[in-house]
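Asker: Sharing start27.cif (mmCIF, C-alpha atoms and all ligand atoms) below.
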```cif
data_query
#
loop_
_atom_site.group_PDB
_atom_site.id
_atom_site.type_symbol
_atom_site.label_atom_id
_atom_site.label_comp_id
_atom_site.auth_asym_id
_atom_site.auth_seq_id
_atom_site.Cartn_x
_atom_site.Cartn_y
_atom_site.Cartn_z
ATOM 1 C CA MET A 834 66.839 -23.719 18.977
ATOM 2 C CA SER A 835 68.537 -25.000 15.816
ATOM 3 C CA GLY A 836 65.571 -25.426 13.458
ATOM 4 C CA PRO A 837 62.142 -23.756 13.477
ATOM 5 C CA PHE A 838 60.778 -26.109 16.178
ATOM 6 C CA ASN A 839 61.619 -26.355 19.873
ATOM 7 C CA ALA A 840 60.802 -29.812 21.219
ATOM 8 C CA GLU A 841 60.872 -28.753 24.885
ATOM 9 C CA SER A 842 58.255 -26.066 24.548
ATOM 10 C CA LEU A 843 56.080 -28.267 22.270
ATOM 11 C CA GLN A 844 56.270 -30.935 24.970
ATOM 12 C CA GLU A 845 54.492 -28.526 27.344
ATOM 13 C CA ALA A 846 51.555 -28.183 24.955
ATOM 14 C CA ALA A 847 48.142 -29.635 25.644
ATOM 15 C CA LEU A 848 47.359 -33.066 24.096
ATOM 16 C CA VAL A 849 51.046 -33.986 23.793
ATOM 17 C CA GLU A 850 53.202 -36.256 25.941
ATOM 18 C CA ARG A 851 55.920 -37.210 23.483
ATOM 19 C CA VAL A 852 57.389 -35.012 20.741
ATOM 20 C CA GLU A 853 59.535 -35.920 17.752
ATOM 21 C CA VAL A 854 61.087 -33.062 15.807
ATOM 22 C CA HIS A 855 62.704 -34.018 12.495
ATOM 23 C CA GLN A 856 64.701 -31.961 10.029
ATOM 24 C CA GLU A 857 63.437 -34.060 7.164
ATOM 25 C CA LEU A 858 60.930 -36.911 7.002
ATOM 26 C CA GLY A 859 59.010 -38.720 4.255
ATOM 27 C CA SER A 860 55.637 -38.366 5.981
ATOM 28 C CA THR A 861 54.856 -37.324 9.558
ATOM 29 C CA SER A 862 51.684 -39.429 9.398
ATOM 30 C CA ASP A 863 53.613 -42.560 8.384
ATOM 31 C CA ARG A 864 55.924 -42.016 11.375
ATOM 32 C CA ALA A 865 53.002 -41.337 13.767
ATOM 33 C CA LYS A 866 51.259 -44.494 12.513
ATOM 34 C CA GLU A 867 54.424 -46.514 13.235
ATOM 35 C CA LEU A 868 54.451 -45.113 16.782
ATOM 36 C CA GLY A 869 50.738 -45.856 17.106
ATOM 37 C CA CYS A 870 51.425 -49.532 16.424
ATOM 38 C CA GLU A 871 53.965 -49.821 19.239
ATOM 39 C CA GLU A 872 52.920 -51.686 22.374
ATOM 40 C CA ALA A 873 53.357 -48.719 24.753
ATOM 41 C CA PHE A 874 51.093 -45.811 23.832
ATOM 42 C CA ALA A 875 51.770 -42.104 24.368
ATOM 43 C CA PRO A 876 49.997 -39.187 22.711
ATOM 44 C CA THR A 877 52.675 -38.004 20.300
ATOM 45 C CA LEU A 878 53.374 -35.044 18.063
ATOM 46 C CA VAL A 879 55.588 -35.661 15.038
ATOM 47 C CA VAL A 880 56.713 -32.510 13.228
ATOM 48 C CA THR A 881 59.237 -31.968 10.495
ATOM 49 C CA ASP A 882 60.939 -28.955 8.950
ATOM 50 C CA ARG A 883 60.766 -30.603 5.504
ATOM 51 C CA GLN A 884 58.380 -33.346 4.413
ATOM 52 C CA THR A 885 59.404 -35.159 1.248
ATOM 53 C CA ALA A 886 56.673 -37.767 0.609
ATOM 54 C CA GLY A 887 53.495 -36.382 2.165
ATOM 55 C CA ARG A 888 50.217 -38.137 1.533
ATOM 56 C CA GLY A 889 46.845 -36.518 0.979
ATOM 57 C CA ARG A 890 43.365 -38.012 0.950
ATOM 58 C CA GLY A 891 42.787 -41.062 -1.249
ATOM 59 C CA ALA A 892 45.681 -41.625 -3.597
ATOM 60 C CA ASN A 893 46.699 -37.955 -3.586
ATOM 61 C CA ARG A 894 50.168 -36.745 -2.712
ATOM 62 C CA TRP A 895 50.634 -33.715 -0.474
ATOM 63 C CA HIS A 896 53.146 -31.324 -1.913
ATOM 64 C CA ALA A 897 54.904 -29.325 0.844
ATOM 65 C CA GLY A 898 57.487 -26.835 -0.344
ATOM 66 C CA GLU A 899 60.115 -25.384 1.983
ATOM 67 C CA GLY A 900 58.514 -23.432 4.826
ATOM 68 C CA ALA A 901 55.299 -25.476 5.015
ATOM 69 C CA LEU A 902 54.033 -26.608 8.425
ATOM 70 C CA THR A 903 53.583 -30.385 8.371
ATOM 71 C CA PHE A 904 52.860 -32.446 11.449
ATOM 72 C CA SER A 905 50.835 -35.364 12.788
ATOM 73 C CA LEU A 906 49.279 -35.923 16.161
ATOM 74 C CA LEU A 907 48.736 -39.423 17.505
ATOM 75 C CA ILE A 908 45.890 -39.583 20.027
ATOM 76 C CA ARG A 909 43.557 -42.096 21.609
ATOM 77 C CA PRO A 910 40.103 -40.454 21.352
ATOM 78 C CA ALA A 911 38.742 -42.457 24.325
ATOM 79 C CA ASP A 912 41.435 -40.906 26.592
ATOM 80 C CA LEU A 913 39.960 -37.510 25.707
ATOM 81 C CA GLY A 914 36.372 -38.569 26.384
ATOM 82 C CA LEU A 915 35.585 -39.034 22.676
ATOM 83 C CA VAL A 916 34.364 -42.070 20.773
ATOM 84 C CA THR A 917 35.643 -43.427 17.464
ATOM 85 C CA GLU A 918 32.249 -42.808 15.836
ATOM 86 C CA GLN A 919 32.901 -39.078 16.273
ATOM 87 C CA GLN A 920 35.646 -39.124 13.595
ATOM 88 C CA GLY A 921 33.656 -36.787 11.333
ATOM 89 C CA LEU A 922 33.314 -34.287 14.169
ATOM 90 C CA ILE A 923 36.967 -34.700 15.204
ATOM 91 C CA SER A 924 37.953 -33.846 11.644
ATOM 92 C CA ILE A 925 35.694 -30.782 11.741
ATOM 93 C CA ALA A 926 37.100 -29.750 15.157
ATOM 94 C CA THR A 927 40.620 -29.982 13.676
ATOM 95 C CA ALA A 928 39.729 -27.687 10.773
ATOM 96 C CA VAL A 929 37.998 -25.272 13.154
ATOM 97 C CA ALA A 930 41.080 -25.278 15.436
ATOM 98 C CA LEU A 931 43.210 -24.286 12.435
ATOM 99 C CA ILE A 932 40.760 -21.492 11.627
ATOM 100 C CA ASP A 933 40.892 -20.386 15.307
ATOM 101 C CA ALA A 934 44.720 -20.367 15.250
ATOM 102 C CA ALA A 935 44.953 -18.400 11.970
ATOM 103 C CA ARG A 936 42.488 -15.848 13.332
ATOM 104 C CA ALA A 937 44.191 -15.538 16.738
ATOM 105 C CA ALA A 938 47.727 -15.338 15.352
ATOM 106 C CA HIS A 939 47.166 -13.395 12.136
ATOM 107 C CA GLY A 940 43.621 -11.985 12.146
ATOM 108 C CA LEU A 941 42.723 -14.045 9.067
ATOM 109 C CA ASP A 942 39.302 -15.609 8.539
ATOM 110 C CA GLY A 943 39.676 -19.096 7.104
ATOM 111 C CA ARG A 944 36.718 -21.012 5.697
ATOM 112 C CA PHE A 945 35.846 -24.663 6.235
ATOM 113 C CA LYS A 946 35.651 -26.735 3.058
ATOM 114 C CA TRP A 947 34.036 -30.051 3.851
ATOM 115 C CA PRO A 948 35.265 -32.666 4.571
ATOM 116 C CA ASN A 949 38.612 -31.451 5.916
ATOM 117 C CA ASP A 950 40.212 -28.482 4.204
ATOM 118 C CA VAL A 951 40.733 -24.916 5.287
ATOM 119 C CA TRP A 952 40.479 -22.298 2.577
ATOM 120 C CA LEU A 953 41.435 -18.633 2.555
ATOM 121 C CA ASN A 954 40.606 -16.051 -0.114
ATOM 122 C CA GLY A 955 39.124 -18.751 -2.365
ATOM 123 C CA LYS A 956 42.205 -20.994 -2.247
ATOM 124 C CA LYS A 957 43.393 -23.967 -0.196
ATOM 125 C CA LEU A 958 45.399 -23.090 2.904
ATOM 126 C CA ALA A 959 45.517 -26.429 4.706
ATOM 127 C CA GLY A 960 44.576 -30.093 4.412
ATOM 128 C CA ILE A 961 43.797 -32.640 7.100
ATOM 129 C CA LEU A 962 44.095 -36.412 6.926
ATOM 130 C CA LEU A 963 42.663 -38.690 9.634
ATOM 131 C CA GLU A 964 43.895 -42.269 9.834
ATOM 132 C CA ALA A 965 43.577 -45.056 12.398
ATOM 133 C CA PRO A 966 46.842 -47.027 12.862
ATOM 134 C CA ARG A 967 44.941 -49.519 15.016
ATOM 135 C CA PRO A 968 41.446 -49.623 16.522
ATOM 136 C CA GLY A 969 41.041 -46.941 19.169
ATOM 137 C CA SER A 970 43.877 -44.677 18.080
ATOM 138 C CA LEU A 971 43.897 -41.883 15.566
ATOM 139 C CA VAL A 972 46.533 -39.978 13.616
ATOM 140 C CA ILE A 973 45.577 -36.429 12.722
ATOM 141 C CA GLY A 974 47.887 -35.314 9.912
ATOM 142 C CA VAL A 975 47.915 -31.613 9.086
ATOM 143 C CA GLY A 976 49.614 -29.729 6.272
ATOM 144 C CA VAL A 977 49.466 -25.924 6.358
ATOM 145 C CA ASN A 978 50.845 -23.673 3.655
ATOM 146 C CA ALA A 979 52.728 -21.432 6.076
ATOM 147 C CA ASN A 980 55.744 -19.799 4.386
ATOM 148 C CA ASN A 981 56.001 -22.061 1.358
ATOM 149 C CA ARG A 982 55.797 -20.712 -2.181
ATOM 150 C CA PHE A 983 54.271 -22.615 -5.052
ATOM 151 C CA ASP A 984 56.700 -21.864 -7.920
ATOM 152 C CA ALA A 985 58.022 -25.421 -7.805
ATOM 153 C CA ALA A 986 54.626 -27.036 -7.150
ATOM 154 C CA PRO A 987 52.602 -28.848 -9.834
ATOM 155 C CA VAL A 988 50.707 -26.310 -12.014
ATOM 156 C CA GLU A 989 47.269 -27.385 -10.759
ATOM 157 C CA ILE A 990 48.363 -26.622 -7.185
ATOM 158 C CA GLN A 991 49.841 -23.212 -8.089
ATOM 159 C CA ALA A 992 46.421 -21.939 -9.160
ATOM 160 C CA LYS A 993 44.522 -23.327 -6.172
ATOM 161 C CA ALA A 994 46.765 -22.840 -3.136
ATOM 162 C CA ILE A 995 47.563 -19.922 -0.859
ATOM 163 C CA SER A 996 50.043 -19.584 1.981
ATOM 164 C CA LEU A 997 49.464 -17.883 5.301
ATOM 165 C CA SER A 998 52.531 -15.669 4.767
ATOM 166 C CA GLU A 999 51.125 -14.489 1.425
ATOM 167 C CA ALA A 1000 47.760 -13.641 3.029
ATOM 168 C CA ALA A 1001 49.295 -12.055 6.150
ATOM 169 C CA SER A 1002 52.136 -10.349 4.236
ATOM 170 C CA ALA A 1003 54.489 -11.565 6.963
ATOM 171 C CA GLU A 1004 56.829 -14.422 7.747
ATOM 172 C CA ILE A 1005 55.002 -17.076 9.782
ATOM 173 C CA ASP A 1006 56.577 -18.462 12.950
ATOM 174 C CA ARG A 1007 55.704 -22.139 12.519
ATOM 175 C CA GLN A 1008 56.385 -23.038 16.154
ATOM 176 C CA SER A 1009 53.946 -20.343 17.406
ATOM 177 C CA LEU A 1010 51.335 -21.357 14.863
ATOM 178 C CA LEU A 1011 51.656 -25.005 15.917
ATOM 179 C CA LEU A 1012 51.327 -24.071 19.613
ATOM 180 C CA ALA A 1013 48.271 -21.916 18.874
ATOM 181 C CA PHE A 1014 46.738 -24.818 16.933
ATOM 182 C CA LEU A 1015 47.370 -27.353 19.733
ATOM 183 C CA ALA A 1016 45.772 -25.032 22.298
ATOM 184 C CA ALA A 1017 42.765 -24.487 20.018
ATOM 185 C CA LEU A 1018 42.417 -28.208 19.241
ATOM 186 C CA ASN A 1019 42.529 -29.058 22.950
ATOM 187 C CA ARG A 1020 39.692 -26.580 23.530
ATOM 188 C CA ARG A 1021 37.621 -27.788 20.562
ATOM 189 C CA LEU A 1022 38.003 -31.504 21.417
ATOM 190 C CA GLY A 1023 37.143 -30.688 25.044
ATOM 191 C CA GLN A 1024 33.929 -29.071 23.835
ATOM 192 C CA LEU A 1025 33.027 -32.169 21.797
ATOM 193 C CA ALA A 1026 33.755 -34.413 24.774
ATOM 194 C CA SER A 1027 31.287 -32.453 26.885
ATOM 195 C CA ASN A 1028 28.635 -32.631 24.153
ATOM 196 C CA ASP A 1029 29.077 -28.957 23.381
ATOM 197 C CA LEU A 1030 28.658 -28.673 19.629
ATOM 198 C CA SER A 1031 30.392 -25.277 19.346
ATOM 199 C CA PRO A 1032 32.967 -26.733 16.889
ATOM 200 C CA LEU A 1033 30.106 -27.712 14.571
ATOM 201 C CA ASP A 1034 28.509 -24.275 14.934
ATOM 202 C CA ALA A 1035 31.862 -22.663 14.096
ATOM 203 C CA ALA A 1036 32.244 -24.931 11.037
ATOM 204 C CA ARG A 1037 28.707 -24.056 9.929
ATOM 205 C CA ALA A 1038 29.482 -20.342 10.274
ATOM 206 C CA ALA A 1039 32.681 -20.779 8.234
ATOM 207 C CA CYS A 1040 31.225 -23.285 5.739
ATOM 208 C CA LEU A 1041 32.487 -22.483 2.228
ATOM 209 C CA LEU A 1042 29.923 -24.678 0.493
ATOM 210 C CA ALA A 1043 26.657 -23.659 2.206
ATOM 211 C CA ASP A 1044 23.999 -22.391 -0.231
ATOM 212 C CA LYS A 1045 26.257 -23.107 -3.240
ATOM 213 C CA ARG A 1046 25.675 -25.562 -6.052
ATOM 214 C CA VAL A 1047 28.259 -28.275 -5.560
ATOM 215 C CA THR A 1048 29.309 -31.478 -7.259
ATOM 216 C CA LEU A 1049 30.414 -34.305 -4.998
ATOM 217 C CA LEU A 1050 32.386 -37.231 -6.394
ATOM 218 C CA VAL A 1051 32.198 -40.540 -4.552
ATOM 219 C CA GLY A 1052 34.192 -43.160 -6.460
ATOM 220 C CA GLU A 1053 32.886 -42.843 -10.030
ATOM 221 C CA ARG A 1054 29.565 -41.344 -8.975
ATOM 222 C CA ALA A 1055 28.950 -37.596 -9.162
ATOM 223 C CA THR A 1056 26.098 -35.879 -7.331
ATOM 224 C CA THR A 1057 25.223 -32.264 -8.076
ATOM 225 C CA GLY A 1058 22.878 -30.197 -5.939
ATOM 226 C CA LEU A 1059 22.438 -27.309 -3.554
ATOM 227 C CA CYS A 1060 24.530 -27.590 -0.410
ATOM 228 C CA ARG A 1061 22.328 -27.225 2.679
ATOM 229 C CA GLY A 1062 25.240 -27.077 5.111
ATOM 230 C CA LEU A 1063 26.330 -29.599 7.712
ATOM 231 C CA ALA A 1064 24.277 -32.188 9.599
ATOM 232 C CA GLY A 1065 24.648 -32.726 13.368
ATOM 233 C CA ASP A 1066 27.118 -35.578 12.807
ATOM 234 C CA GLY A 1067 29.259 -33.580 10.367
ATOM 235 C CA ALA A 1068 27.768 -35.006 7.148
ATOM 236 C CA LEU A 1069 27.449 -32.686 4.142
ATOM 237 C CA LEU A 1070 23.816 -32.067 3.218
ATOM 238 C CA ILE A 1071 23.090 -31.867 -0.510
ATOM 239 C CA GLU A 1072 19.638 -31.212 -1.906
ATOM 240 C CA SER A 1073 18.924 -32.706 -5.306
ATOM 241 C CA VAL A 1074 15.597 -33.845 -6.796
ATOM 242 C CA ASN A 1075 13.729 -32.371 -3.812
ATOM 243 C CA ALA A 1076 15.441 -34.502 -1.197
ATOM 244 C CA VAL A 1077 18.200 -33.458 1.188
ATOM 245 C CA VAL A 1078 20.705 -36.295 1.516
ATOM 246 C CA PRO A 1079 23.577 -36.528 4.055
ATOM 247 C CA HIS A 1080 26.952 -37.450 2.543
ATOM 248 C CA TYR A 1081 29.770 -38.909 4.629
ATOM 249 C CA ALA A 1082 32.553 -39.365 2.063
ATOM 250 C CA GLY A 1083 33.829 -38.045 -1.229
ATOM 251 C CA SER A 1084 35.441 -34.965 -2.722
ATOM 252 C CA ILE A 1085 33.865 -31.739 -3.879
ATOM 253 C CA ILE A 1086 34.988 -31.299 -7.474
ATOM 254 C CA GLU A 1087 32.979 -28.215 -8.396
ATOM 255 C CA ILE A 1088 31.634 -25.213 -6.506
ATOM 256 C CA GLY A 1089 29.116 -23.023 -8.344
ATOM 257 C CA ASP A 1090 27.110 -19.975 -7.297
HETATM 258 C C1 LIG B 1 44.536 -33.449 1.900
HETATM 259 O O1 LIG B 1 44.231 -32.278 1.723
HETATM 260 O O2 LIG B 1 44.387 -34.310 1.008
HETATM 261 C C2 LIG B 1 45.127 -33.858 3.221
HETATM 262 C C3 LIG B 1 46.571 -33.478 3.288
HETATM 263 C C4 LIG B 1 47.247 -33.871 4.587
HETATM 264 C C5 LIG B 1 48.730 -33.600 4.533
HETATM 265 C C6 LIG B 1 49.396 -33.791 5.859
HETATM 266 S S1 LIG B 1 51.012 -33.097 5.883
HETATM 267 C C7 LIG B 1 51.339 -33.866 7.412
HETATM 268 C C8 LIG B 1 50.728 -35.242 7.346
HETATM 269 N N1 LIG B 1 51.668 -36.184 6.754
HETATM 270 C C9 LIG B 1 51.238 -36.648 5.589
HETATM 271 O O3 LIG B 1 51.851 -37.461 4.866
HETATM 272 N N2 LIG B 1 50.042 -36.107 5.287
HETATM 273 C C10 LIG B 1 49.581 -35.226 6.331
#
```
What do you get writing this file as structure tokens?
Ligand code: BTN
Answerer:
Amino acid sequence: MSGPFNAESLQEAALVERVEVHQELGSTSDRAKELGCEEAFAPTLVVTDRQTAGRGRGANRWHAGEGALTFSLLIRPADLGLVTEQQGLISIATAVALIDAARAAHGLDGRFKWPNDVWLNGKKLAGILLEAPRPGSLVIGVGVNANNRFDAAPVEIQAKAISLSEAASAEIDRQSLLLAFLAALNRRLGQLASNDLSPLDAARAACLLADKRVTLLVGERATTGLCRGLAGDGALLIESVNAVVPHYAGSIIEIGD
């Protein structure tokens, strides 16, 4: 194996039929979206050793220093017994699968920060970006701070991010972590497909925001209130002015006590 990833053994993983391993790529999600627009469809994993132009949610960039785990998975939810309307739950299942993998591989307890982040020790460990290249298909882009350091990252990221290697005090084998994640995601999506809401229960148990005062920003509009956890469809429940309202989009910009 020349780089950190072995295409043959990734090819054996659940959910994957085609694998692309790159040494360097602008964005794994851009590449997976290209593949998703091709006429012939195959569930595909795109992974790169170094990602140079990663995208985050909205207009955000995703900074991935050397040693980060960055990959995207192209799937067709219907082939897995899921429907497009379950995107919120698919996003939650992805975060929960990352939490499962970090626990299984390193004994670390990640937390779920709605809508699609995984946090550890009060800092961001991983981000997830779901995009649809065409109706019926979905690209799940995942960036995990695995072995990367933040010295060269923008200052605002340095204060808010943590890597798995820092938390585990060990070098992370990115291939093993990726395999553990794919196995966990296969299990979690299988549960959703059979109407087993265990992924939601796991997200509720790991919910970073529950019972905290939070401020949610949707466009220009900020809503502050007490977080009442997650609704059955994955929405974030915020209580303000005596009403509990489900929220489906936006970013949490403040977490209080
Ligand atoms: C976020 O937290 O805003 C989501 C970040 C998602 C980053 C990943 S890294 C792999 C994939 N390729 C991209 O360009 N973005 C996603």
Asker: Using only C-alpha atoms, can you list as a PyMOL selection string the residues within 10 Å of (43.2, -37.0, -0.8)?
Answerer: chain A and resi 888-895+949+960-962+1083-1084
Asker: Using the chain letters and numbers from the file, which residues does the PyMOL selection byres (((chain A and resi 1026) around 10) and not hetatm) grab, as a PyMOL selection string?
Answerer: chain A and resi 910-911+913-916+919+1020-1025+1027-1030
Asker: List as an NGL selection string the protein and nucleic acid residues near Val1074 (chain A), meaning an atom at most 12 Å away when all atoms listed in the file are counted, but skip any in the same chain fewer than 4 places from it.
Answerer: :A and (1056-1059 or 1078)
Asker: Tell me which residues come within 7 Å of (39.3, -28.1, 7.3), as a PyMOL selection string, counting all atoms listed in the file in the file's coordinates.
Answerer: chain A and resi 925+927-929+945-951+959-961
Asker: Using only C-alpha atoms and all ligand atoms, pick whichever of A:Leu931, A:Leu906, A:Cys870, A:Val854 has the shortest atom-to-atom distance to ligand LIG 1 (chain B).
Answerer: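 Smallest distance to ligand LIG 1 (chain B) is found for A:Leu906.
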Asker: Mind giving me the straight-line distance from CA of Asp933 (chain A) to CA of Pro1079 (chain A) in Å, one decimal?
Answerer: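 If I compute the distance from CA of Asp933 (chain A) to CA of Pro1079 (chain A), I get 26.2 Å.
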Asker: Have a look at A:Glu872, A:Glu1004, A:Asp942, A:Asp863 and name the one nearest to Cys1040 (chain A); count only C-alpha atoms.
Answerer: A:Asp942
Asker: So how far away is CA of Val852 (chain A) from CA of Pro876 (chain A), in Å?
Answerer: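 These atoms are spaced 8.7 Å apart.
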Asker: Have a look at A:Ala992, A:Val975, A:Cys1060, A:Ala1016 and name the one nearest to Ala865 (chain A); count all atoms listed in the file.
Answerer: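 Of A:Ala992, A:Val975, A:Cys1060, A:Ala1016, the one nearest Ala865 (chain A) is A:Val975, counting all atoms listed in the file.
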Asker: My list of candidates is A:Ala886, A:Ala1043, A:Leu997, A:Leu941. Which is closest to ligand LIG 1 (chain B) when distances are computed with all atoms listed in the file?
Answerer: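 Ranking A:Ala886, A:Ala1043, A:Leu997, A:Leu941 by distance to ligand LIG 1 (chain B), first place goes to A:Ala886.
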Asker: Could you work out how far CA of Asp1090 (chain A) lies from CA of Asn978 (chain A), giving the answer in Å with one decimal?
Answerer: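 Going from CA of Asn978 (chain A) over to CA of Asp1090 (chain A), I get 26.4 Å.
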Asker: Please write the residues picked by the PyMOL selection byres (((chain A and resi 850) around 12) and not hetatm) on this file as a list of chain:residue names.
Answerer: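 Against this file, the PyMOL selection byres (((chain A and resi 850) around 12) and not hetatm) returns the residues A:Ala840, A:Glu841, A:Ser842, A:Leu843, A:Gln844, A:Glu845, A:Ala846, A:Ala847, A:Leu848, A:Val849, A:Arg851, A:Val852, A:Glu853, A:Phe874, A:Ala875, A:Pro876, A:Thr877, A:Leu878, A:Val879, A:Leu906, A:Leu907, A:Ile908.
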Asker: Generate N, CA, C and O atoms for region 1035-1049 of chain A and emit them as a PDB file, keeping the file's coordinate frame.
Answerer:
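selection.pdb, freshly written:
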```pdb
ATOM      1  N   ALA A1035      30.802 -23.485  14.710  1.00  0.00           N
ATOM      2  CA  ALA A1035      31.862 -22.663  14.096  1.00  0.00           C
ATOM      3  C   ALA A1035      32.097 -23.107  12.650  1.00  0.00           C
ATOM      4  O   ALA A1035      32.310 -22.270  11.759  1.00  0.00           O
ATOM      5  N   ALA A1036      32.049 -24.428  12.407  1.00  0.00           N
ATOM      6  CA  ALA A1036      32.244 -24.931  11.037  1.00  0.00           C
ATOM      7  C   ALA A1036      31.087 -24.492  10.149  1.00  0.00           C
ATOM      8  O   ALA A1036      31.279 -24.145   8.971  1.00  0.00           O
ATOM      9  N   ARG A1037      29.875 -24.498  10.713  1.00  0.00           N
ATOM     10  CA  ARG A1037      28.707 -24.056   9.929  1.00  0.00           C
ATOM     11  C   ARG A1037      28.864 -22.580   9.562  1.00  0.00           C
ATOM     12  O   ARG A1037      28.600 -22.173   8.432  1.00  0.00           O
ATOM     13  N   ALA A1038      29.330 -21.783  10.539  1.00  0.00           N
ATOM     14  CA  ALA A1038      29.482 -20.342  10.274  1.00  0.00           C
ATOM     15  C   ALA A1038      30.563 -20.093   9.219  1.00  0.00           C
ATOM     16  O   ALA A1038      30.491 -19.112   8.481  1.00  0.00           O
ATOM     17  N   ALA A1039      31.562 -20.993   9.165  1.00  0.00           N
ATOM     18  CA  ALA A1039      32.681 -20.779   8.234  1.00  0.00           C
ATOM     19  C   ALA A1039      32.546 -21.640   6.976  1.00  0.00           C
ATOM     20  O   ALA A1039      33.488 -21.712   6.169  1.00  0.00           O
ATOM     21  N   CYS A1040      31.384 -22.286   6.818  1.00  0.00           N
ATOM     22  CA  CYS A1040      31.225 -23.285   5.739  1.00  0.00           C
ATOM     23  C   CYS A1040      31.293 -22.623   4.351  1.00  0.00           C
ATOM     24  O   CYS A1040      30.484 -21.761   4.015  1.00  0.00           O
ATOM     25  N   LEU A1041      32.266 -23.063   3.560  1.00  0.00           N
ATOM     26  CA  LEU A1041      32.487 -22.483   2.228  1.00  0.00           C
ATOM     27  C   LEU A1041      31.408 -22.914   1.234  1.00  0.00           C
ATOM     28  O   LEU A1041      31.143 -22.236   0.249  1.00  0.00           O
ATOM     29  N   LEU A1042      30.800 -24.077   1.497  1.00  0.00           N
ATOM     30  CA  LEU A1042      29.923 -24.678   0.493  1.00  0.00           C
ATOM     31  C   LEU A1042      28.442 -24.340   0.699  1.00  0.00           C
ATOM     32  O   LEU A1042      27.637 -24.531  -0.225  1.00  0.00           O
ATOM     33  N   ALA A1043      28.084 -23.862   1.903  1.00  0.00           N
ATOM     34  CA  ALA A1043      26.657 -23.659   2.206  1.00  0.00           C
ATOM     35  C   ALA A1043      26.004 -22.735   1.187  1.00  0.00           C
ATOM     36  O   ALA A1043      26.566 -21.700   0.800  1.00  0.00           O
ATOM     37  N   ASP A1044      24.819 -23.151   0.722  1.00  0.00           N
ATOM     38  CA  ASP A1044      23.999 -22.391  -0.231  1.00  0.00           C
ATOM     39  C   ASP A1044      24.637 -22.266  -1.618  1.00  0.00           C
ATOM     40  O   ASP A1044      24.240 -21.416  -2.408  1.00  0.00           O
ATOM     41  N   LYS A1045      25.641 -23.105  -1.900  1.00  0.00           N
ATOM     42  CA  LYS A1045      26.257 -23.107  -3.240  1.00  0.00           C
ATOM     43  C   LYS A1045      25.863 -24.387  -3.961  1.00  0.00           C
ATOM     44  O   LYS A1045      25.612 -25.416  -3.322  1.00  0.00           O
ATOM     45  N   ARG A1046      25.854 -24.322  -5.283  1.00  0.00           N
ATOM     46  CA  ARG A1046      25.675 -25.562  -6.052  1.00  0.00           C
ATOM     47  C   ARG A1046      27.013 -26.282  -6.071  1.00  0.00           C
ATOM     48  O   ARG A1046      28.031 -25.687  -6.422  1.00  0.00           O
ATOM     49  N   VAL A1047      26.994 -27.542  -5.644  1.00  0.00           N
ATOM     50  CA  VAL A1047      28.259 -28.275  -5.560  1.00  0.00           C
ATOM     51  C   VAL A1047      28.137 -29.607  -6.297  1.00  0.00           C
ATOM     52  O   VAL A1047      27.041 -30.139  -6.473  1.00  0.00           O
ATOM     53  N   THR A1048      29.283 -30.119  -6.719  1.00  0.00           N
ATOM     54  CA  THR A1048      29.309 -31.478  -7.259  1.00  0.00           C
ATOM     55  C   THR A1048      30.235 -32.311  -6.394  1.00  0.00           C
ATOM     56  O   THR A1048      31.403 -31.945  -6.181  1.00  0.00           O
ATOM     57  N   LEU A1049      29.667 -33.393  -5.871  1.00  0.00           N
ATOM     58  CA  LEU A1049      30.414 -34.305  -4.998  1.00  0.00           C
ATOM     59  C   LEU A1049      30.734 -35.574  -5.774  1.00  0.00           C
ATOM     60  O   LEU A1049      29.849 -36.160  -6.412  1.00  0.00           O
TER      61      LEU A1049
END
```
